[in-house]
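Participant: Supplied structure: input.pdb, PDB, C-alpha atoms.
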```pdb
ATOM      1  CA  MET M 251     -57.581  15.287  -8.021
ATOM      2  CA  GLN M 252     -59.822  12.593  -6.569
ATOM      3  CA  GLY M 253     -63.269  11.114  -7.022
ATOM      4  CA  ARG M 254     -64.749   8.194  -8.937
ATOM      5  CA  ASP M 255     -65.176  10.207 -12.180
ATOM      6  CA  THR M 256     -61.743  11.911 -12.209
ATOM      7  CA  ILE M 257     -60.284   9.810 -15.060
ATOM      8  CA  LYS M 258     -63.404  10.242 -17.201
ATOM      9  CA  HIS M 259     -63.318  14.011 -16.638
ATOM     10  CA  LEU M 260     -59.612  14.256 -17.494
ATOM     11  CA  ASP M 261     -60.156  12.341 -20.731
ATOM     12  CA  ARG M 262     -62.383  15.200 -21.926
ATOM     13  CA  ILE M 263     -59.646  17.773 -21.297
ATOM     14  CA  LEU M 264     -56.282  16.173 -22.111
ATOM     15  CA  THR M 265     -54.807  15.746 -25.591
ATOM     16  CA  THR M 266     -54.062  12.081 -24.795
ATOM     17  CA  ARG M 267     -56.118   9.190 -23.418
ATOM     18  CA  ILE M 268     -55.487   8.597 -19.737
ATOM     19  CA  SER M 269     -58.066   5.881 -19.063
ATOM     20  CA  ASP M 270     -55.747   3.022 -20.112
ATOM     21  CA  ASN M 271     -53.017   3.769 -17.559
ATOM     22  CA  ASP M 272     -52.076   1.491 -14.651
ATOM     23  CA  ASN M 273     -51.644   2.397 -11.008
ATOM     24  CA  GLN M 274     -48.172   3.788 -10.157
ATOM     25  CA  SER M 275     -47.640   4.958 -13.727
ATOM     26  CA  ILE M 276     -46.846   8.453 -15.024
ATOM     27  CA  HIS M 277     -48.907   9.787 -17.894
ATOM     28  CA  GLU M 278     -47.678  12.729 -19.983
ATOM     29  CA  SER M 279     -50.139  15.036 -21.700
ATOM     30  CA  LEU M 280     -50.965  18.578 -22.774
ATOM     31  CA  ILE M 281     -53.774  20.962 -22.014
ATOM     32  CA  CYS M 282     -54.541  23.195 -24.974
ATOM     33  CA  SER M 283     -56.756  26.234 -25.466
ATOM     34  CA  SER M 284     -59.693  26.295 -27.882
ATOM     35  CA  ASN M 285     -57.367  27.729 -30.549
ATOM     36  CA  GLY M 286     -55.154  24.621 -30.364
ATOM     37  CA  ARG M 287     -52.234  26.273 -28.578
ATOM     38  CA  ILE M 288     -50.500  24.740 -25.577
ATOM     39  CA  VAL M 289     -51.502  26.013 -22.151
ATOM     40  CA  ASP M 290     -49.241  23.612 -20.264
ATOM     41  CA  TYR M 291     -47.496  20.234 -20.223
ATOM     42  CA  LEU M 292     -48.539  17.874 -17.440
ATOM     43  CA  SER M 293     -46.927  14.904 -15.698
ATOM     44  CA  ILE M 294     -49.789  12.918 -14.176
ATOM     45  CA  TYR M 295     -49.049  10.413 -11.408
ATOM     46  CA  ILE M 296     -51.698   7.677 -11.291
ATOM     47  CA  MET M 297     -52.521   6.407  -7.792
ATOM     48  CA  LEU M 298     -55.161   4.014  -6.482
ATOM     49  CA  ASP M 299     -57.602   6.671  -5.324
ATOM     50  CA  LYS M 300     -56.010   9.937  -6.443
ATOM     51  CA  ILE M 301     -54.366  11.679  -9.387
ATOM     52  CA  LEU M 302     -51.329  13.896  -8.716
ATOM     53  CA  ILE M 303     -50.724  16.461 -11.461
ATOM     54  CA  ILE M 304     -47.375  18.235 -11.797
ATOM     55  CA  ASN M 305     -47.372  21.222 -14.159
ATOM     56  CA  ASN M 306     -45.396  24.393 -14.783
ATOM     57  CA  TYR M 307     -44.663  25.997 -11.423
ATOM     58  CA  ASN M 308     -46.442  29.301 -12.061
ATOM     59  CA  LYS M 309     -49.592  27.991 -13.759
ATOM     60  CA  GLY M 310     -51.285  26.131 -10.932
ATOM     61  CA  ASP M 311     -54.271  28.460 -10.660
ATOM     62  CA  VAL M 312     -54.770  28.483 -14.446
ATOM     63  CA  ILE M 313     -54.728  24.682 -14.668
ATOM     64  CA  ARG M 314     -57.075  24.261 -11.702
ATOM     65  CA  ARG M 315     -59.590  26.630 -13.328
ATOM     66  CA  ILE M 316     -59.477  24.612 -16.561
ATOM     67  CA  LEU M 317     -59.818  21.312 -14.696
ATOM     68  CA  SER M 318     -62.815  22.596 -12.750
ATOM     69  CA  LYS M 319     -64.799  23.378 -15.916
ATOM     70  CA  GLY M 320     -67.186  20.891 -17.458
ATOM     71  CA  ILE M 321     -67.695  18.677 -14.402
ATOM     72  CA  ARG M 322     -71.191  17.286 -14.829
ATOM     73  CA  TRP M 323     -73.731  17.567 -12.030
ATOM     74  CA  ASP M 324     -73.798  13.829 -11.408
ATOM     75  CA  GLU M 325     -70.007  13.337 -11.464
ATOM     76  CA  GLU M 326     -67.753  13.028  -8.444
ATOM     77  CA  VAL M 327     -64.558  15.019  -9.076
ATOM     78  CA  GLU M 328     -62.623  16.988  -6.463
ATOM     79  CA  ILE M 329     -59.727  19.314  -7.295
ATOM     80  CA  LEU M 330     -57.235  20.052  -4.536
ATOM     81  CA  ASN M 331     -54.393  22.573  -4.308
ATOM     82  CA  GLY M 332     -51.001  21.058  -3.478
ATOM     83  CA  ASP M 333     -48.873  24.070  -4.441
ATOM     84  CA  SER M 334     -47.958  24.907  -0.863
ATOM     85  CA  SER M 335     -47.343  21.339   0.313
ATOM     86  CA  ILE M 336     -45.383  19.526  -2.449
ATOM     87  CA  ARG M 337     -41.992  20.336  -3.951
ATOM     88  CA  LYS M 338     -40.098  18.725  -6.824
ATOM     89  CA  ILE M 339     -36.343  18.188  -7.044
ATOM     90  CA  THR M 340     -34.790  17.234 -10.389
ATOM     91  CA  VAL M 341     -31.364  15.577 -10.397
ATOM     92  CA  LEU M 342     -29.376  15.285 -13.621
ATOM     93  CA  GLY M 343     -27.083  12.352 -14.320
ATOM     94  CA  ASN M 344     -26.071  11.239 -10.820
ATOM     95  CA  GLU M 345     -26.660   8.093  -8.774
ATOM     96  CA  ILE M 346     -28.730   9.139  -5.770
ATOM     97  CA  LYS M 347     -30.039   5.823  -4.469
ATOM     98  CA  GLU M 348     -27.799   6.028  -1.387
ATOM     99  CA  ILE M 349     -29.905   8.816   0.104
ATOM    100  CA  PHE M 350     -33.064   6.700   0.245
ATOM    101  CA  THR M 351     -33.889   4.237   2.971
ATOM    102  CA  LYS M 352     -36.260   1.802   1.266
ATOM    103  CA  THR M 353     -34.655  -1.585   0.639
ATOM    104  CA  ASP M 354     -37.233  -3.536  -1.375
ATOM    105  CA  PHE M 355     -36.668  -1.802  -4.690
ATOM    106  CA  SER M 356     -33.693  -1.270  -6.956
ATOM    107  CA  PHE M 357     -33.015   1.877  -8.964
ATOM    108  CA  ASP M 358     -31.760  -0.418 -11.697
ATOM    109  CA  ASP M 359     -35.255  -1.907 -11.992
ATOM    110  CA  LEU M 360     -37.011   1.469 -12.298
ATOM    111  CA  THR M 361     -38.342   2.214 -15.779
ATOM    112  CA  ASP M 362     -39.649   5.313 -17.505
ATOM    113  CA  PHE M 363     -43.273   6.240 -16.754
ATOM    114  CA  LYS M 364     -43.279   4.425 -13.396
ATOM    115  CA  TRP M 365     -42.958   5.811  -9.874
ATOM    116  CA  ILE M 366     -42.191   4.300  -6.488
ATOM    117  CA  GLU M 367     -42.576   5.476  -2.910
ATOM    118  CA  ASP M 368     -39.776   5.942  -0.407
ATOM    119  CA  GLY M 369     -41.434   6.975   2.829
ATOM    120  CA  ASP M 370     -43.190  10.273   2.085
ATOM    121  CA  ASN M 371     -41.276  10.747  -1.178
ATOM    122  CA  ILE M 372     -42.259   9.755  -4.719
ATOM    123  CA  ILE M 373     -39.351   8.882  -7.021
ATOM    124  CA  SER M 374     -39.240   8.443 -10.792
ATOM    125  CA  ILE M 375     -36.535   8.312 -13.439
ATOM    126  CA  ASP M 376     -36.327   9.290 -17.089
ATOM    127  CA  LYS M 377     -33.689   7.564 -19.239
ATOM    128  CA  ARG M 378     -34.735   9.109 -22.561
ATOM    129  CA  TYR M 379     -32.070  11.820 -22.405
ATOM    130  CA  GLU M 380     -28.293  11.713 -22.662
ATOM    131  CA  LEU M 381     -28.223  12.114 -18.874
ATOM    132  CA  MET M 382     -30.544  10.131 -16.638
ATOM    133  CA  ILE M 383     -33.051  12.358 -14.871
ATOM    134  CA  THR M 384     -34.352  11.557 -11.399
ATOM    135  CA  GLU M 385     -37.370  13.425 -10.094
ATOM    136  CA  ILE M 386     -38.296  13.453  -6.419
ATOM    137  CA  LEU M 387     -41.666  14.714  -5.194
ATOM    138  CA  ILE M 388     -41.436  15.531  -1.517
ATOM    139  CA  PRO M 389     -43.521  17.185   1.203
ATOM    140  CA  LYS M 390     -42.406  20.794   1.556
ATOM    141  CA  VAL M 391     -41.478  20.190   5.201
ATOM    142  CA  ASN M 392     -38.879  17.614   4.084
ATOM    143  CA  LEU M 393     -37.256  19.816   1.437
ATOM    144  CA  ASP M 394     -34.284  21.017   3.483
ATOM    145  CA  GLU M 395     -33.552  17.500   4.736
ATOM    146  CA  ILE M 396     -33.459  16.007   1.222
ATOM    147  CA  LYS M 397     -31.372  18.900  -0.134
ATOM    148  CA  GLU M 398     -28.867  18.406   2.688
ATOM    149  CA  LYS M 399     -28.572  14.690   1.866
ATOM    150  CA  LEU M 400     -28.030  15.465  -1.803
ATOM    151  CA  GLN M 401     -25.363  18.045  -1.020
ATOM    152  CA  LYS M 402     -23.526  15.540   1.186
ATOM    153  CA  LYS M 403     -23.293  13.347  -1.926
ATOM    154  CA  CYS M 404     -21.466  16.224  -3.668
ATOM    155  CA  LEU M 405     -24.495  17.295  -5.702
ATOM    156  CA  THR M 406     -24.693  21.014  -6.358
ATOM    157  CA  GLU M 407     -27.848  23.119  -6.487
ATOM    158  CA  ILE M 408     -27.870  25.238  -9.652
ATOM    159  CA  ASN M 409     -29.624  28.485 -10.514
ATOM    160  CA  GLY M 410     -32.054  29.190 -13.346
ATOM    161  CA  LYS M 411     -29.400  30.127 -15.885
ATOM    162  CA  GLU M 412     -27.370  26.977 -15.218
ATOM    163  CA  TRP M 413     -30.563  24.924 -15.434
ATOM    164  CA  ASP M 414     -31.331  26.424 -18.853
ATOM    165  CA  LYS M 415     -27.814  25.559 -20.057
ATOM    166  CA  ASN M 416     -28.307  21.935 -19.011
ATOM    167  CA  ARG M 417     -31.770  21.815 -20.570
ATOM    168  CA  ILE M 418     -30.385  22.989 -23.900
ATOM    169  CA  ASP M 419     -27.450  20.559 -23.716
ATOM    170  CA  ILE M 420     -29.691  17.503 -23.292
ATOM    171  CA  GLY M 421     -32.685  18.778 -25.258
ATOM    172  CA  MET M 422     -35.177  18.991 -22.371
ATOM    173  CA  ILE M 423     -38.190  20.962 -23.590
ATOM    174  CA  GLY M 424     -39.310  23.625 -21.114
ATOM    175  CA  HIS M 425     -42.334  25.862 -20.717
ATOM    176  CA  GLU M 426     -40.542  28.632 -22.606
ATOM    177  CA  GLU M 427     -40.497  26.453 -25.721
ATOM    178  CA  ILE M 428     -44.140  25.342 -25.700
ATOM    179  CA  ASN M 429     -46.188  28.095 -24.070
ATOM    180  CA  ASN M 430     -48.984  29.276 -26.396
ATOM    181  CA  ARG M 431     -47.573  27.346 -29.358
ATOM    182  CA  ILE M 432     -49.064  24.724 -31.664
ATOM    183  CA  PRO M 433     -47.845  21.267 -30.468
ATOM    184  CA  PHE M 434     -46.811  20.141 -33.966
ATOM    185  CA  ASN M 435     -44.416  23.115 -34.268
ATOM    186  CA  VAL M 436     -42.454  22.398 -31.086
ATOM    187  CA  GLY M 437     -41.879  18.648 -31.260
ATOM    188  CA  MET M 438     -44.883  17.719 -29.100
ATOM    189  CA  GLU M 439     -47.032  15.901 -31.676
ATOM    190  CA  GLU M 440     -46.544  12.647 -29.747
ATOM    191  CA  LEU M 441     -48.845  14.100 -27.074
ATOM    192  CA  VAL M 442     -51.674  14.855 -29.506
ATOM    193  CA  LYS M 443     -53.901  11.822 -30.103
ATOM    194  CA  MET M 444     -56.426  12.468 -32.838
ATOM    195  CA  ASP M 445     -58.196   9.133 -32.282
ATOM    196  CA  LYS M 446     -59.431   9.936 -28.772
ATOM    197  CA  GLY M 447     -62.565  11.820 -27.772
ATOM    198  CA  CYS M 448     -62.956  15.570 -28.013
ATOM    199  CA  TYR M 449     -60.728  17.949 -26.071
ATOM    200  CA  PRO M 450     -60.171  21.740 -26.242
ATOM    201  CA  GLY M 451     -58.319  22.554 -29.474
ATOM    202  CA  GLN M 452     -58.997  19.223 -31.194
ATOM    203  CA  GLU M 453     -60.842  20.808 -34.107
ATOM    204  CA  ILE M 454     -57.856  23.054 -34.836
ATOM    205  CA  HIS M 455     -55.444  20.125 -34.579
ATOM    206  CA  ALA M 456     -57.558  18.022 -36.932
ATOM    207  CA  ARG M 457     -57.609  20.835 -39.486
ATOM    208  CA  LEU M 458     -53.832  21.264 -39.254
ATOM    209  CA  GLU M 459     -53.270  17.529 -39.613
ATOM    210  CA  SER M 460     -55.353  17.386 -42.779
ATOM    211  CA  ARG M 461     -53.396  20.269 -44.301
ATOM    212  CA  GLY M 462     -49.917  19.118 -43.287
ATOM    213  CA  LYS M 463     -49.516  19.824 -39.624
ATOM    214  CA  GLN M 464     -45.868  20.783 -39.160
ATOM    215  CA  LYS M 465     -44.788  24.241 -40.306
ATOM    216  CA  LYS M 466     -41.936  24.780 -37.850
ATOM    217  CA  ALA M 467     -39.443  22.747 -35.864
ATOM    218  CA  LEU M 468     -37.848  23.046 -32.437
ATOM    219  CA  VAL M 469     -34.048  22.758 -32.489
ATOM    220  CA  THR M 470     -31.016  23.439 -30.344
ATOM    221  CA  LEU M 471     -28.398  25.738 -31.826
ATOM    222  CA  ILE M 472     -24.773  26.741 -31.275
ATOM    223  CA  CYS M 473     -23.257  30.133 -32.046
ATOM    224  CA  GLU M 474     -19.951  31.860 -31.413
ATOM    225  CA  LYS M 475     -21.900  34.995 -30.518
ATOM    226  CA  TYR M 476     -24.643  35.458 -27.944
ATOM    227  CA  ILE M 477     -28.092  36.722 -28.867
ATOM    228  CA  SER M 478     -30.947  37.149 -26.427
ATOM    229  CA  GLU M 479     -34.385  35.554 -26.535
ATOM    230  CA  GLY M 480     -36.661  36.991 -29.206
ATOM    231  CA  GLU M 481     -37.497  36.903 -32.907
ATOM    232  CA  PHE M 482     -34.859  37.371 -35.605
ATOM    233  CA  LYS M 483     -35.185  37.514 -39.384
ATOM    234  CA  ILE M 484     -33.396  34.854 -41.424
ATOM    235  CA  LYS M 485     -31.374  35.975 -44.445
ATOM    236  CA  ASP M 486     -33.132  33.544 -46.805
ATOM    237  CA  GLY M 487     -36.596  34.414 -45.528
ATOM    238  CA  GLY M 488     -38.739  33.726 -42.510
ATOM    239  CA  LYS M 489     -37.760  34.142 -38.884
ATOM    240  CA  ILE M 490     -36.313  32.217 -35.989
ATOM    241  CA  ILE M 491     -37.705  32.458 -32.457
ATOM    242  CA  ILE M 492     -35.070  32.054 -29.743
ATOM    243  CA  THR M 493     -36.992  30.733 -26.732
ATOM    244  CA  THR M 494     -34.100  30.045 -24.334
ATOM    245  CA  ALA M 495     -30.567  31.455 -24.596
ATOM    246  CA  ASN M 496     -27.422  30.441 -22.730
ATOM    247  CA  ASN M 497     -24.497  32.870 -22.780
ATOM    248  CA  GLY M 498     -21.340  30.807 -23.169
ATOM    249  CA  GLY M 499     -19.027  33.730 -22.534
ATOM    250  CA  GLU M 500     -15.692  32.892 -24.158
ATOM    251  CA  LYS M 501     -17.128  29.535 -25.243
ATOM    252  CA  GLU M 502     -19.944  28.947 -27.719
ATOM    253  CA  SER M 503     -23.413  30.059 -26.692
ATOM    254  CA  THR M 504     -26.314  27.629 -26.971
ATOM    255  CA  PHE M 505     -30.004  28.107 -27.655
ATOM    256  CA  PHE M 506     -33.444  26.592 -28.090
ATOM    257  CA  GLY M 507     -34.973  27.947 -31.284
ATOM    258  CA  ILE M 508     -38.100  27.492 -33.385
ATOM    259  CA  ILE M 509     -37.335  27.600 -37.106
ATOM    260  CA  PRO M 510     -39.319  27.198 -40.353
ATOM    261  CA  ILE M 511     -39.470  23.506 -41.273
ATOM    262  CA  LYS M 512     -37.705  24.135 -44.592
ATOM    263  CA  TYR M 513     -34.435  24.827 -42.735
ATOM    264  CA  VAL M 514     -34.197  21.619 -40.670
ATOM    265  CA  ASN M 515     -31.827  19.934 -43.128
ATOM    266  CA  ASN M 516     -29.539  22.952 -43.338
ATOM    267  CA  PRO M 517     -26.288  22.784 -41.351
ATOM    268  CA  LYS M 518     -26.704  26.395 -40.257
ATOM    269  CA  ILE M 519     -29.013  29.394 -40.309
ATOM    270  CA  VAL M 520     -27.748  32.845 -41.248
ATOM    271  CA  LEU M 521     -29.589  35.786 -39.763
ATOM    272  CA  LEU M 522     -30.221  39.048 -41.595
ATOM    273  CA  ASN M 523     -27.531  40.694 -39.437
ATOM    274  CA  GLY M 524     -24.964  38.088 -40.563
ATOM    275  CA  ILE M 525     -24.837  36.015 -37.373
ATOM    276  CA  GLU M 526     -24.553  32.286 -38.104
ATOM    277  CA  LEU M 527     -26.266  29.668 -35.950
ATOM    278  CA  LYS M 528     -25.358  25.987 -36.286
ATOM    279  CA  ILE M 529     -28.244  23.531 -35.878
ATOM    280  CA  ASN M 530     -27.200  20.951 -33.283
ATOM    281  CA  LYS M 531     -30.287  18.799 -32.584
ATOM    282  CA  ILE M 532     -33.823  18.526 -33.868
ATOM    283  CA  ILE M 533     -35.971  18.146 -30.763
ATOM    284  CA  ASN M 534     -38.872  15.741 -30.843
ATOM    285  CA  PHE M 535     -40.724  14.546 -27.750
ATOM    286  CA  ARG M 536     -40.949  10.970 -29.077
ATOM    287  CA  LEU M 537     -37.407  10.706 -30.409
ATOM    288  CA  LEU M 538     -35.520  12.841 -27.940
ATOM    289  CA  ASN M 539     -32.113  14.121 -28.981
ATOM    290  CA  SER M 540     -32.388  13.355 -32.687
ATOM    291  CA  ARG M 541     -28.954  14.205 -34.051
ATOM    292  CA  HIS M 542     -28.781  16.686 -36.927
TER     293      HIS M 542
END
```
In C-alpha cells, how does this file's structure come out?
Facilitator:
Amino acid sequence: MQGRDTIKHLDRILTTRISDNDNQSIHESLICSSNGRIVDYLSIYIMLDKILIINNYNKGDVIRRILSKGIRWDEEVEILNGDSSIRKITVLGNEIKEIFTKTDFSFDDLTDFKWIEDGDNIISIDKRYELMITEILIPKVNLDEIKEKLQKKCLTEINGKEWDKNRIDIGMIGHEEINNRIPFNVGMEELVKMDKGCYPGQEIHARLESRGKQKKALVTLICEKYISEGEFKIKDGGKIIITTANNGGEKESTFFGIIPIKYVNNPKIVLLNGIELKINKIINFRLLNSRH
C-alpha cells in the first residue's frame, strides 16, 4: 500500500493502532469481520513511503477487497498486488547470516519487530519462540538462488506436514488456529486494542470484554494415539477442536487444540471415546510458550 493517507486508512480497519510505529518496524495486527471473528493475521512492514503487508498465502484477494473499502474521496491510498512478485522463506533455529552479503549490520543486533535490507531482500528475526525464526522476503526471481544458498549451508526444505509438526512443537499459531474464530479464544487478545478507534468487529469485542471475554483457550497437546483434525466431545462435557494434527507414528502425536477454558488447569483431557490428551502448552500471543 502507498499514499499519504495509508496509515490513517489502516487505523480504521486493524484491531491495533499502527500510527505510532517507526520506519523499518514490523507491526502485527488482525483484520476481523463485523461479527468479531478473525479474517486474517497480518505482518505489516513499515517503510518510508510504502506499507508492505504479509498475510496468509491464500487470502490475498480477500484482504485487498477489505483494504479497498472505506477509502474516502479526498484520501490518497493505493493498494497494489505483490502476490506474484514477492516470496517469503521462514528458517527455524539456524544461523544464516553467512548467506548475506551486507557488512554494515550484525544479526546479533537485530531485534524483534525490526527489519533490515540486504540488497533486494528484507530480513527480520523473531526470538519469542524456543527456536529463533528468521524470515526473508525476496523477489520471486531470486527465490531459487536464495534456496540454493540455504541448502549449501545444510538447511533442508520441509513439506507442509513437517512444517505443522514444527509449528506445534514451538507453539507458532497458524491460520488453521485463528481463521473465523474470536481472538480472545485463540490466544490473540494481545492484538485487540479496545482503546483505539473503531474497526470492524469492535462492538462485538467490547461486548465480550464486558461479559468476560475468554471462553476457550488454544493449547498444544500430546497423545499416544493419532486423531485427525475436527471436533471431539470431552467426557466431562464440552468439546475440543483439533485445528492441526501431527501423526507421530510410533512416537507420540502432537496437536493444536481449542478447549473450554475450564480445562486449562487440567493435566489431561479425556475424550468421550476414552482417548487421553495431555495438555503441553497454553498458547498466548503475548506470552508465547507458556508452560502448563
Participant: From the options M:Arg457, M:Lys465, M:Lys475, M:Lys415, which residue's atoms come nearest to Asn496 in chain M, counting all atoms listed in the file?
Facilitator: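 Of the candidates, the smallest distance to Asn496 in chain M is held by M:Lys415.
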Participant: Report, in Å to a single decimal, how far apart CA of Ser269 in chain M and CA of Ile432 in chain M are.
Facilitator: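 It comes out at 24.4 Å.
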Participant: Of the residues M:Gly480, M:Ile386, M:Gln452, M:Arg417, which is the one nearest to Asn371 in chain M, using all atoms listed in the file?
Facilitator: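 The closest residue to Asn371 in chain M is M:Ile386.
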Participant: If you apply the PyMOL selection byres ((chain M and resi 258-266) around 6) to this file, what residues do you get, as a list in words?
Facilitator: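 Selected by the PyMOL selection byres ((chain M and resi 258-266) around 6) in this file: Asp255, Thr256, Ile257, Arg267, Ser279, Leu280, Ile281, Val442, Lys443 and Tyr449 of chain M.
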Participant: Could the residues in this selection be saved with C-alpha atoms as a PDB file, in the frame of the given file?
Facilitator:
```pdb
ATOM      1  CA  ASP M 255     -65.176  10.207 -12.180  1.00  0.00           C
ATOM      2  CA  THR M 256     -61.743  11.911 -12.209  1.00  0.00           C
ATOM      3  CA  ILE M 257     -60.284   9.810 -15.060  1.00  0.00           C
ATOM      4  CA  ARG M 267     -56.118   9.190 -23.418  1.00  0.00           C
ATOM      5  CA  SER M 279     -50.139  15.036 -21.700  1.00  0.00           C
ATOM      6  CA  LEU M 280     -50.965  18.578 -22.774  1.00  0.00           C
ATOM      7  CA  ILE M 281     -53.774  20.962 -22.014  1.00  0.00           C
ATOM      8  CA  VAL M 442     -51.674  14.855 -29.506  1.00  0.00           C
ATOM      9  CA  LYS M 443     -53.901  11.822 -30.103  1.00  0.00           C
ATOM     10  CA  TYR M 449     -60.728  17.949 -26.071  1.00  0.00           C
TER      11      TYR M 449
END
```
Participant: Would you mind telling me which residue in M:Ile301, M:Ile477, M:Met382, M:Met251 lies nearest to Ser318 in chain M when using all atoms listed in the file?
Facilitator: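 Looking at the shortest contact to Ser318 in chain M, the residue is M:Met251.
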Participant: What does the distance between CA of Ile388 in chain M and CA of Lys402 in chain M come to in Å, to one decimal place?
Facilitator: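 Calculated distance between CA of Ile388 in chain M and CA of Lys402 in chain M is 18.1 Å.
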